[in-house]
$ cat my_file38.cif   # mmCIF, C-alpha atoms and all ligand atoms
data_coords
#
loop_
_atom_site.label_atom_id
_atom_site.label_comp_id
_atom_site.auth_asym_id
_atom_site.auth_seq_id
_atom_site.Cartn_x
_atom_site.Cartn_y
_atom_site.Cartn_z
CA MET A 1 -38.45 -20.10 21.96
CA ILE A 2 -41.92 -19.78 23.53
CA SER A 3 -41.04 -22.41 26.13
CA GLY A 4 -37.72 -20.61 26.79
CA VAL A 5 -39.62 -17.39 27.53
CA ASN A 6 -42.05 -19.32 29.81
CA GLU A 7 -39.18 -20.93 31.71
CA PHE A 8 -37.54 -17.53 32.12
CA GLN A 9 -40.82 -16.04 33.42
CA SER A 10 -41.35 -18.82 35.98
CA ALA A 11 -37.72 -18.59 37.18
CA LEU A 12 -38.18 -14.83 37.53
CA ASP A 13 -41.44 -15.37 39.47
CA ASN A 14 -39.51 -17.62 41.87
CA VAL A 15 -36.82 -15.00 42.42
CA LEU A 16 -39.41 -12.26 42.94
CA GLY A 17 -41.42 -14.39 45.33
CA THR A 18 -38.34 -15.17 47.41
CA LEU A 19 -37.30 -11.52 47.52
CA GLU A 20 -40.80 -10.45 48.59
CA LEU A 21 -40.74 -13.10 51.36
CA LEU A 22 -37.36 -11.93 52.59
CA ARG A 23 -38.52 -8.31 52.55
CA ALA A 24 -41.74 -9.22 54.45
CA GLY A 25 -39.65 -11.09 57.04
CA GLY A 26 -37.56 -7.98 57.66
CA GLY A 27 -34.31 -9.74 56.72
CA ARG A 28 -31.50 -7.45 55.68
CA SER A 29 -29.94 -9.66 53.06
CA PRO A 30 -30.31 -10.07 50.15
CA ARG A 31 -31.68 -6.58 49.50
CA ALA A 32 -33.56 -5.37 46.48
CA SER A 33 -35.03 -1.89 46.24
CA ARG A 34 -38.59 -1.35 45.07
CA THR A 35 -37.22 0.07 41.81
CA THR A 36 -35.19 -3.08 41.24
CA LEU A 37 -38.19 -5.24 42.00
CA GLN A 38 -40.33 -3.18 39.62
CA SER A 39 -37.76 -3.43 36.85
CA LEU A 40 -37.48 -7.18 37.42
CA GLN A 41 -41.26 -7.43 37.17
CA ARG A 42 -41.31 -5.79 33.77
CA LYS A 43 -41.94 -8.30 31.01
CA PRO A 44 -38.76 -9.58 29.36
CA ALA A 45 -38.12 -7.87 26.05
CA GLU A 46 -39.58 -9.71 23.10
CA PRO A 47 -36.89 -11.43 21.04
CA LYS A 48 -35.68 -9.00 18.37
CA ALA A 49 -36.74 -9.64 14.78
CA PRO A 50 -33.72 -10.49 12.60
CA SER A 51 -32.29 -7.25 11.22
CA ALA A 52 -33.01 -6.43 7.57
CA PRO A 53 -30.25 -7.26 5.06
CA ASP A 54 -27.82 -4.37 4.54
CA ALA A 55 -29.02 -2.52 1.41
CA ARG A 56 -25.73 -0.65 0.94
CA THR A 57 -23.26 -1.67 -1.76
CA LYS A 58 -19.94 -3.28 -0.78
CA PRO A 59 -17.96 -0.09 -1.58
CA GLU A 60 -20.34 1.92 0.60
CA ARG A 61 -19.98 -0.54 3.46
CA LEU A 62 -16.19 -0.61 3.11
CA ALA A 63 -16.09 3.19 3.03
CA GLU A 64 -18.01 3.30 6.30
CA VAL A 65 -15.57 0.91 8.00
CA ARG A 66 -12.64 2.85 6.53
CA ALA A 67 -14.01 6.07 8.07
CA ARG A 68 -14.14 4.43 11.51
CA VAL A 69 -10.62 3.04 11.09
CA ALA A 70 -9.30 6.50 10.13
CA ILE A 71 -10.29 7.97 13.51
CA CYS A 72 -9.55 4.91 15.66
CA THR A 73 -7.63 5.65 18.86
CA LEU A 74 -7.83 2.19 20.50
CA CYS A 75 -4.02 2.20 20.46
CA PRO A 76 -3.44 5.85 21.45
CA HIS A 77 0.34 5.59 20.90
CA LEU A 78 -0.21 4.45 17.29
CA ALA A 79 -2.92 7.04 16.63
CA GLU A 80 -0.32 9.58 17.75
CA SER A 81 2.62 8.23 15.72
CA ARG A 82 1.01 7.20 12.41
CA THR A 83 0.92 9.43 9.36
CA GLN A 84 -2.40 7.89 8.38
CA THR A 85 -4.24 4.59 8.69
CA VAL A 86 -3.76 1.96 5.98
CA PHE A 87 -7.12 0.33 5.35
CA GLY A 88 -6.82 -2.00 2.38
CA VAL A 89 -6.95 -1.96 -1.38
CA GLY A 90 -8.45 -4.01 -4.16
CA HIS A 91 -11.66 -5.38 -5.58
CA PRO A 92 -14.72 -5.39 -3.31
CA ASP A 93 -15.72 -8.73 -4.89
CA ALA A 94 -12.22 -10.23 -4.77
CA GLU A 95 -12.03 -14.02 -4.61
CA ILE A 96 -8.66 -13.87 -2.88
CA MET A 97 -7.76 -11.67 0.07
CA PHE A 98 -4.11 -11.38 1.08
CA ILE A 99 -3.49 -10.46 4.70
CA GLY A 100 -0.19 -9.10 5.96
CA GLU A 101 0.82 -8.03 9.45
CA ALA A 102 1.11 -4.24 9.54
CA PRO A 103 1.99 -1.21 7.45
CA GLY A 104 5.67 -0.35 7.30
CA ALA A 105 7.19 3.08 6.69
CA ASP A 106 6.31 3.10 2.96
CA GLU A 107 2.73 2.05 3.58
CA ASP A 108 2.34 4.60 6.38
CA ALA A 109 3.55 7.31 3.99
CA GLN A 110 1.37 6.22 1.03
CA GLY A 111 -1.74 4.94 2.84
CA GLU A 112 -1.76 1.69 0.86
CA PRO A 113 -0.71 -1.80 2.01
CA PHE A 114 2.23 -3.61 0.47
CA VAL A 115 3.77 -0.83 -1.60
CA GLY A 116 7.37 -1.18 -0.38
CA ARG A 117 9.90 -3.82 -1.44
CA ALA A 118 7.92 -6.70 0.05
CA GLY A 119 4.81 -5.30 -1.63
CA GLN A 120 6.50 -5.23 -5.01
CA LEU A 121 7.32 -8.92 -4.62
CA LEU A 122 3.73 -9.64 -3.56
CA THR A 123 2.52 -7.85 -6.70
CA LYS A 124 4.80 -10.08 -8.81
CA ILE A 125 3.39 -13.19 -7.14
CA ILE A 126 -0.18 -11.98 -7.79
CA GLN A 127 0.68 -11.35 -11.43
CA ALA A 128 2.32 -14.76 -11.79
CA MET A 129 -0.97 -16.23 -10.62
CA GLY A 130 -2.69 -14.47 -13.53
CA PHE A 131 -4.23 -11.57 -11.61
CA GLN A 132 -3.64 -7.86 -11.24
CA ARG A 133 -3.40 -6.20 -7.83
CA ALA A 134 -6.79 -4.63 -8.52
CA ASP A 135 -8.41 -8.08 -8.94
CA VAL A 136 -7.60 -9.26 -5.42
CA TYR A 137 -7.92 -7.55 -2.03
CA ILE A 138 -4.89 -6.71 0.10
CA ALA A 139 -5.08 -5.74 3.75
CA ASN A 140 -3.19 -6.09 7.01
CA VAL A 141 -4.21 -7.21 10.47
CA MET A 142 -2.98 -3.79 11.68
CA LYS A 143 -4.28 -0.59 10.16
CA SER A 144 -1.65 1.61 11.82
CA ARG A 145 2.10 1.33 11.57
CA PRO A 146 3.62 0.01 14.82
CA ASP A 147 5.61 2.90 16.25
CA MET A 148 9.36 2.82 16.66
CA PRO A 149 11.38 4.31 19.53
CA ALA A 150 12.44 7.89 18.77
CA GLY A 151 15.37 8.03 16.39
CA GLN A 152 15.05 4.38 15.29
CA SER A 153 14.14 3.44 11.75
CA GLY A 154 12.81 0.10 10.52
CA ASN A 155 9.71 -1.76 11.55
CA ARG A 156 8.68 -3.70 14.62
CA PRO A 157 6.07 -6.47 14.78
CA PRO A 158 2.75 -5.48 16.32
CA THR A 159 1.99 -6.72 19.84
CA PRO A 160 -0.83 -9.24 20.43
CA GLN A 161 -2.84 -6.49 22.13
CA GLU A 162 -2.44 -4.08 19.20
CA MET A 163 -3.56 -6.84 16.84
CA ALA A 164 -6.53 -7.72 19.05
CA HIS A 165 -7.65 -4.07 18.88
CA CYS A 166 -7.46 -4.04 15.09
CA LEU A 167 -8.75 -7.51 14.21
CA PRO A 168 -12.47 -6.59 14.33
CA PHE A 169 -11.91 -4.15 11.45
CA LEU A 170 -10.32 -6.88 9.34
CA MET A 171 -13.22 -9.17 10.20
CA GLU A 172 -15.63 -6.54 8.94
CA GLN A 173 -13.64 -6.26 5.70
CA ILE A 174 -13.77 -10.04 5.27
CA SER A 175 -17.49 -10.23 5.95
CA ILE A 176 -18.22 -7.49 3.41
CA ILE A 177 -15.92 -8.79 0.65
CA GLN A 178 -16.63 -12.48 1.32
CA PRO A 179 -13.55 -13.77 -0.50
CA LYS A 180 -13.38 -17.45 -1.43
CA VAL A 181 -10.00 -17.75 0.26
CA LEU A 182 -7.76 -15.84 2.63
CA VAL A 183 -3.98 -15.93 2.35
CA ALA A 184 -2.12 -15.05 5.53
CA LEU A 185 1.41 -13.81 4.92
CA GLY A 186 3.81 -14.78 7.68
CA ALA A 187 3.62 -15.98 11.27
CA THR A 188 2.65 -12.60 12.76
CA ALA A 189 -0.40 -12.28 10.51
CA VAL A 190 -1.36 -15.83 11.53
CA GLU A 191 -0.97 -14.92 15.20
CA GLY A 192 -3.19 -11.88 14.69
CA LEU A 193 -5.83 -13.93 12.92
CA LEU A 194 -5.84 -17.20 14.84
CA GLY A 195 -4.21 -16.17 18.10
CA THR A 196 -1.71 -19.00 17.77
CA ARG A 197 2.02 -18.78 17.20
CA GLY A 198 3.38 -21.58 15.12
CA THR A 199 6.31 -22.20 12.85
CA MET A 200 5.76 -21.51 9.19
CA ARG A 201 7.14 -24.96 8.47
CA ASP A 202 4.15 -26.47 10.29
CA LEU A 203 1.53 -23.96 9.19
CA ARG A 204 2.10 -23.36 5.49
CA GLY A 205 1.01 -25.47 2.54
CA LYS A 206 -2.26 -26.71 3.98
CA TRP A 207 -5.76 -25.43 4.45
CA HIS A 208 -6.87 -23.82 7.68
CA ALA A 209 -10.04 -21.81 8.28
CA PHE A 210 -10.80 -18.38 9.64
CA HIS A 211 -14.47 -18.18 10.64
CA ASP A 212 -15.52 -20.59 7.86
CA THR A 213 -13.38 -18.99 5.14
CA PRO A 214 -10.59 -21.28 3.87
CA LEU A 215 -7.22 -19.89 4.94
CA MET A 216 -3.88 -20.62 3.27
CA ILE A 217 -0.78 -19.69 5.22
CA THR A 218 2.45 -18.90 3.43
CA TYR A 219 5.70 -17.07 3.96
CA HIS A 220 5.71 -13.28 4.14
CA PRO A 221 7.31 -11.78 0.99
CA SER A 222 9.91 -10.06 3.18
CA TYR A 223 11.10 -13.54 4.19
CA LEU A 224 11.69 -14.30 0.51
CA LEU A 225 13.65 -11.06 0.19
CA ARG A 226 15.86 -12.10 3.11
CA ASN A 227 16.17 -15.71 2.02
CA GLN A 228 16.68 -15.92 -1.73
CA ALA A 229 16.94 -19.73 -1.86
CA PRO A 230 14.87 -21.09 -4.79
CA SER A 231 13.50 -23.79 -2.45
CA GLU A 232 11.74 -21.11 -0.35
CA LYS A 233 10.29 -19.34 -3.40
CA ARG A 234 9.07 -22.68 -4.66
CA LYS A 235 7.18 -23.29 -1.39
CA VAL A 236 5.31 -20.00 -1.70
CA TRP A 237 4.49 -20.77 -5.31
CA GLU A 238 3.17 -24.22 -4.36
CA ASP A 239 0.91 -22.54 -1.78
CA MET A 240 -0.36 -20.18 -4.48
CA LEU A 241 -1.09 -23.13 -6.80
CA LEU A 242 -3.26 -24.57 -4.02
CA VAL A 243 -5.07 -21.23 -3.79
CA MET A 244 -5.65 -21.13 -7.56
CA GLU A 245 -6.96 -24.70 -7.48
CA LYS A 246 -9.27 -23.89 -4.58
CA ILE A 247 -10.98 -21.02 -6.39
CA GLY A 248 -11.08 -22.88 -9.72
CA HIS A 249 -8.66 -20.46 -11.41
CA PRO A 250 -7.12 -22.05 -14.54
CA ILE A 251 -3.49 -23.13 -14.13
CA SER A 252 -1.32 -23.39 -17.25
CA ASP A 253 1.49 -25.90 -17.71
CA LYS A 254 3.91 -23.01 -17.55
CA GLN A 255 2.47 -21.95 -14.20
CA ARG A 256 2.66 -25.51 -12.85
CA LYS A 257 6.36 -25.61 -13.63
CA TYR A 258 6.96 -22.00 -12.67
CA PHE A 259 9.68 -21.42 -10.14
CA LEU A 260 9.05 -17.75 -9.22
N1 LIG A 301 4.44 -5.89 5.41
C1 LIG A 301 3.17 -6.15 5.78
O1 LIG A 301 2.89 -7.12 6.47
N2 LIG A 301 2.23 -5.32 5.33
C2 LIG A 301 2.48 -4.28 4.56
O2 LIG A 301 1.54 -3.57 4.19
C3 LIG A 301 3.82 -4.04 4.20
C4 LIG A 301 4.78 -4.85 4.64
#
$ encode --input "my_file38.cif" --output "structure tokens" --more "lines below"
Ligand code: URA
Amino acid sequence: MISGVNEFQSALDNVLGTLELLRAGGGRSPRASRTTLQSLQRKPAEPKAPSAPDARTKPERLAEVRARVAICTLCPHLAESRTQTVFGVGHPDAEIMFIGEAPGADEDAQGEPFVGRAGQLLTKIIQAMGFQRADVYIANVMKSRPDMPAGQSGNRPPTPQEMAHCLPFLMEQISIIQPKVLVALGATAVEGLLGTRGTMRDLRGKWHAFHDTPLMITYHPSYLLRNQAPSEKRKVWEDMLLVMEKIGHPISDKQRKYFL
């Protein structure tokens, strides 16, 4: 570090010397005002001491992020159209964090993720794993419902730009909760997290990582509602068995053979 500061100082001395020479020679270019020269001559700031660990509890830290999310206007059209933001729900020390794409109409109305039909199926999956909803953490990449053209019902997927605006909030949630694993539900959530669009066939059933946290990718529950084939349910359940194994959660014989 010391040698880095010395190198910086000697490079700066060179620049200053050259500028002074140019000024003395009456050249017009490059130009640096006296104020600029003076500010360049100021000593470089000392490297900052590492900041003190955050003394606040996880719920306090989450509440602070939630308050910022609630007034976010990075997507002005969504700030205008939403009933409320949908932050996330669950245990601040959850080992598993489920991540969906965006609130739908039900979530926008209730302010909680995954409370509609897809959410009820997600709750069943969580219970089949041996947990309650309150044991895990559930959030979306998007905290606002993607708006729909006037007079149209239903949901639309968020755009990459909308997701890019919202992702930092999710990253803060992850860094506060520090789950052992993340479970991304569906290709849009994966795109929001990893910035890559792939097919679920290629992505699911194996471990990925999101900033050092193991990431399992599986089908969105709404896909299972559309496609009732037992083979598809089985795939999601196999992904959940991998998650349970990863966190060391006991798996009964019944669960191993379970077919959702
Ligand atoms: N689908 C999602 O991806 N998230 C929700 O909260 C509800 C439905």
$ closest_residue --input "my_file38.cif" --among "A:Ile174, A:Leu224, A:Cys75, A:Ala52" --to "Pro92 (chain A)" --atoms "only C-alpha atoms"
A:Ile174
$ residues_around --input "my_file38.cif" --residues "region 103-106 of chain A" --least-positions-apart "6" --cutoff "9 Å" --atoms "all atoms listed in the file" --output "PyMOL selection string"
chain A and resi 85-86+112-117+140+142-146+153-156
$ atom_distance --input "my_file38.cif" --atom1 "CA of Gly186 (chain A)" --atom2 "CA of Ala109 (chain A)"
22.4 Å
$ residues_around --input "my_file38.cif" --residues "Gln161 (chain A)" --least-positions-apart "5" --cutoff "12 Å" --atoms "all atoms listed in the file" --output "PyMOL selection string"
chain A and resi 74-75+141-142+146+166-167+191-192+195
$ residues_around --input "my_file38.cif" --residues "Val65 (chain A)" --least-positions-apart "5" --cutoff "10 Å" --atoms "only C-alpha atoms" --output "mmCIF file with C-alpha atoms, keeping the file's coordinate frame"
data_model
loop_
_atom_site.group_PDB
_atom_site.id
_atom_site.type_symbol
_atom_site.label_atom_id
_atom_site.label_comp_id
_atom_site.auth_asym_id
_atom_site.auth_seq_id
_atom_site.Cartn_x
_atom_site.Cartn_y
_atom_site.Cartn_z
ATOM 1 C CA PRO A 59 -17.960 -0.090 -1.580
ATOM 2 C CA GLU A 60 -20.340 1.920 0.600
ATOM 3 C CA ALA A 70 -9.300 6.500 10.130
ATOM 4 C CA PHE A 87 -7.120 0.330 5.350
ATOM 5 C CA PHE A 169 -11.910 -4.150 11.450
ATOM 6 C CA LEU A 170 -10.320 -6.880 9.340
ATOM 7 C CA GLU A 172 -15.630 -6.540 8.940
ATOM 8 C CA GLN A 173 -13.640 -6.260 5.700
ATOM 9 C CA ILE A 176 -18.220 -7.490 3.410
#
$ closest_residue --input "my_file38.cif" --among "A:Met171, A:Leu182, A:Val89, A:Ile125" --to "Gln110 (chain A)" --atoms "only C-alpha atoms"
A:Val89
$ closest_residue --input "my_file38.cif" --among "A:Arg197, A:Arg133, A:His220, A:Arg61" --to "Glu101 (chain A)" --atoms "only C-alpha atoms"
A:His220
$ closest_residue --input "my_file38.cif" --among "A:Lys180, A:Lys235, A:His77, A:Lys257" --to "Gly205 (chain A)" --atoms "all atoms listed in the file"
A:Lys235
$ residues_around --input "my_file38.cif" --residues "Pro179 (chain A)" --least-positions-apart "6" --cutoff "7 Å" --atoms "only C-alpha atoms" --output "ChimeraX atom specification"
/A:94-97
$ atom_distance --input "my_file38.cif" --atom1 "CA of Gln178 (chain A)" --atom2 "CA of Lys58 (chain A)"
10.0 Å
$ closest_residue --input "my_file38.cif" --among "A:Thr188, A:Pro160, A:Thr73, A:Tyr137" --to "ligand LIG 301 (chain A)" --atoms "only C-alpha atoms and all ligand atoms"
A:Thr188
$ atom_distance --input "my_file38.cif" --atom1 "CA of Tyr219 (chain A)" --atom2 "CA of Ile251 (chain A)"
21.2 Å
$ closest_residue --input "my_file38.cif" --among "A:Thr159, A:Ala102, A:Met216, A:Tyr223" --to "ligand LIG 301 (chain A)" --atoms "all atoms listed in the file"
A:Ala102
$ axis_aligned_box --input "my_file38.cif" --around "region 131-146 of chain A" --padding-each-side "8 Å" --output "lines of an AutoDock Vina configuration file"
center_x = -2.4
center_y = -5.0
center_z = 1.6
size_x = 28.0
size_y = 29.2
size_z = 42.4
